[in-house]
Structures are given as structure tokens and as C-alpha cells.
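These notes concern the structure reproduced below.
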Amino acid sequence: MNEWSVAALALLAGLVPCGVVCLRGSPVDRLVGLELAGTVDTLVLLVLAQAYDRAIYFDLALALALLSFAGGLVFARFLERWI
Amino acid sequence: MSPRELAVLALLALGVGVTLLSCLGVLVMRDAYDRLHYTAPAGVLAPLVIAAAVVLEERLSAAGIKAVLVALVLVATNPVLGHATARAARIRQFGEWRVREEEREEGASP
């Protein structure tokens with residue numbers, strides 16, 4: 001277990017507050033929690049790719065960064081009027 | 001431990017610390033506008049710092065370049081997402097996102 005694995009574990013702890021925010025509050029509050037969880041997940045994948053020393057794993061972080069952005073925009077658009 | 005390893009550790013710790021503090025800030029704040037402010041450090045500062053740590057360790061290999069790419073994507077998309085979310089919150093609250101007449105009057109008064 002190297003320092004990158006420890007960092008990934010520590011970052012995973014950050015998902016707990018995001019989950020709590022997603023579970024309570026208004027829909028927009030929950031969306032903010034979801035967006036931050038997407039960012040934290042991307043960072044976890046980034047750090048894990050370095051921990052396993054496999055360059056191809058960085059593509060996962062890149063895909064998640066792009067997809068969580070698109071997902072967040074779709075949620076924001078729907079929250080404007082319809083949900 | 002070489003100075004470069006120390007720098008990697010320091011950058012990594014900074015990135016993790018900033019992210020965890022951001023998560024706590026989002027949890028503690030009262031409304032969505034306040035919470036949105038606390039997503040910025042995790043979405044802008046932390047990716048840059050962690051990518052810098054990866055580049056320091058790997059140099060500009062495939063891993064280093066991809067880490068920088070991920071950080072750049074996060075830095076570019078996070079403010080856009082924050083803006084879209086705040087806009088959605090405002091439209092839900094007032095029906096439109098533009099400055100309302102009452103707010104304009106409040107801003108004009110001393």
C-alpha cells in the first residue's frame with residue numbers, strides 16, 4: 001500500500017458528506033452534492049490509476065470527468081422547470 | 001526521502017485536504033448557493049495539485065499527460081456546472097434568472 005492508495009482511501013471518506021447532502025435538502029442541494037461526488041470520484045480514479053501504476057486507468061478518470069459534467073448539466077436543465 | 005518525493009507527498013496531502021474540506025463545507029452550509037461556493041476548491045485546486053504530484057513522480061510520460069488532461073477537463077467544466085446549477089436554482093426560486101425589478105431597486109438605493 002503506497003501513498004497514492006492512502007490518498008485514494010482518504011478521498012473516499014469525502015464521499016460521505018456528499019452522500020449526506022444528497023439524502024436531504026431541496027433538489028438543488030442534492031444536485032450540488034451529486035456534482036461534488038462526481039468530482040471526488042474523478043480524483044479517486046486519478047489517484048488510483050497512479051497507485052496501480054497503469055497509464056490506461058487514467059482514461060477512466062477522464063471519461064468520468066466528462067460524463068459527470070454532461071450529467072450535471074442535464075440535471076440542472078431539468079431542475080430549472082420540470083422536476 | 002528525496003526532495004522530489006517530499007514534494008509529491010506534500011502536493012498529494014494538499015489535494016486530499018482541500019477536497020475533504022470542500023466536502024465538509026458543502027455539508028455544513030445552509031442553502032444551495034452557499035454550498036456551490038465550496039465545490040470550487042475540489043473542482044479546480046485539487047485536480048491541479050494532484051496532477052502536479054503525478055507529473056512530478058512520472059515526468060511527462062503517458063500517465064503525466066493524461067493526469068494533466070483530466071485536471072484541465074475538471075478545471076474547465078467545474079465553473080460551467082456551478083453556473084448552470086446556480087441558474088437552475090434561481091429559475092426554480094423566481095421563475096427566471098435575470099435581475100428582478102425589486103433587486104434592481106435595492107441595488108440602486110444607498
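Here, A, B, ... name the chains of the C-alpha cells in the order displayed, residue numbers run from 1 inside each chain, and ligands are numbered from 1 in the same displayed order.
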- Message: What's around Leu45 in chain A at 12 Å? Count only C-alpha atoms, leave out sequence neighbours fewer than 6 positions away in its own chain, and write the answer as a list in words.
- Response: Trp4, Ser5, Ala7, Ala8, Leu9, Leu11, Leu12, Gly38, Thr39, Ala51, Tyr52, Asp53, Arg54, Ala55, Ile56, Tyr57, Phe58, Asp59, Leu60, Ala61, Leu62, Ala63, Leu64 and Ala65 of chain A; Pro47, Ile50, Ala67 and Val70 of chain B
Keeping only C-alpha atoms, take the residues you just selected and write them out as a PDB file, in the first residue's frame.
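The new file part-v6.pdb reads:
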```
ATOM      1  CA  TRP A   4      -1.361   7.033  -3.520  1.00  0.00           C
ATOM      2  CA  SER A   5      -3.578   4.240  -2.146  1.00  0.00           C
ATOM      3  CA  ALA A   7      -4.731   9.253  -0.609  1.00  0.00           C
ATOM      4  CA  ALA A   8      -7.464   7.380  -2.512  1.00  0.00           C
ATOM      5  CA  LEU A   9      -8.827   5.981   0.756  1.00  0.00           C
ATOM      6  CA  LEU A  11     -10.573  10.898  -0.690  1.00  0.00           C
ATOM      7  CA  LEU A  12     -13.220   8.172  -0.475  1.00  0.00           C
ATOM      8  CA  GLY A  38     -18.596  13.262  -9.277  1.00  0.00           C
ATOM      9  CA  THR A  39     -15.543  15.469  -8.817  1.00  0.00           C
ATOM     10  CA  ALA A  51      -1.442   3.835  -7.258  1.00  0.00           C
ATOM     11  CA  TYR A  52      -1.735   0.845  -9.610  1.00  0.00           C
ATOM     12  CA  ASP A  53       0.848   2.396 -11.962  1.00  0.00           C
ATOM     13  CA  ARG A  54      -1.258   1.757 -15.081  1.00  0.00           C
ATOM     14  CA  ALA A  55      -1.477   4.654 -17.542  1.00  0.00           C
ATOM     15  CA  ILE A  56      -4.594   3.231 -19.202  1.00  0.00           C
ATOM     16  CA  TYR A  57      -6.571   3.658 -15.955  1.00  0.00           C
ATOM     17  CA  PHE A  58      -6.304   7.447 -16.311  1.00  0.00           C
ATOM     18  CA  ASP A  59      -8.777   7.140 -19.187  1.00  0.00           C
ATOM     19  CA  LEU A  60     -11.442   6.100 -16.659  1.00  0.00           C
ATOM     20  CA  ALA A  61     -10.964   9.336 -14.736  1.00  0.00           C
ATOM     21  CA  LEU A  62     -11.150  11.305 -17.978  1.00  0.00           C
ATOM     22  CA  ALA A  63     -14.376   9.551 -19.026  1.00  0.00           C
ATOM     23  CA  LEU A  64     -15.948  10.119 -15.613  1.00  0.00           C
ATOM     24  CA  ALA A  65     -14.965  13.811 -15.626  1.00  0.00           C
TER      25      ALA A  65
ATOM     26  CA  PRO B  47      -7.137  18.390  -9.587  1.00  0.00           C
ATOM     27  CA  ILE B  50      -2.867  16.152  -7.724  1.00  0.00           C
ATOM     28  CA  ALA B  67      -3.372  13.386 -15.420  1.00  0.00           C
ATOM     29  CA  VAL B  70      -8.059  15.171 -16.524  1.00  0.00           C
TER      30      VAL B  70
END
```
Could I get the residues of chain A with an atom no further than 6 Å from an atom of chain B, each paired with its nearest atom pair and that distance in Å to one decimal, using only C-alpha atoms, sorted by chain and residue number, as a tab-separated table?
```
residue	atom	partner	partner_atom	distance
A:Gly14	CA	B:Leu20	CA	5.2
A:Pro17	CA	B:Leu27	CA	5.6
A:Val21	CA	B:Leu27	CA	5.9
A:Asp29	CA	B:Ala32	CA	4.9
A:Leu36	CA	B:Thr39	CA	5.9
A:Ala55	CA	B:Ala63	CA	4.7
A:Leu62	CA	B:Val70	CA	5.2
A:Ala76	CA	B:Thr85	CA	5.3
A:Glu80	CA	B:Ala88	CA	4.4
```
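In this model, the gap between CA of Ala49 in chain A and CA of Leu14 in chain B comes to 18.5 Å.
When CA of Val68 in chain B is paired with CA of Ala70 in chain A, their separation reads 20.0 Å.
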- Message: Please extract the residues of chain A with a backbone DSSP assignment of alpha helix (DSSP H) and present them as a ChimeraX atom specification.
- Response: /A:3-13,15-23,27-52,58-81
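Restricting the calculation to only C-alpha atoms, the smallest distance between Phe78 in chain A and any of A:Cys18, A:Leu23, A:Met1, A:Val28 is found for A:Val28.
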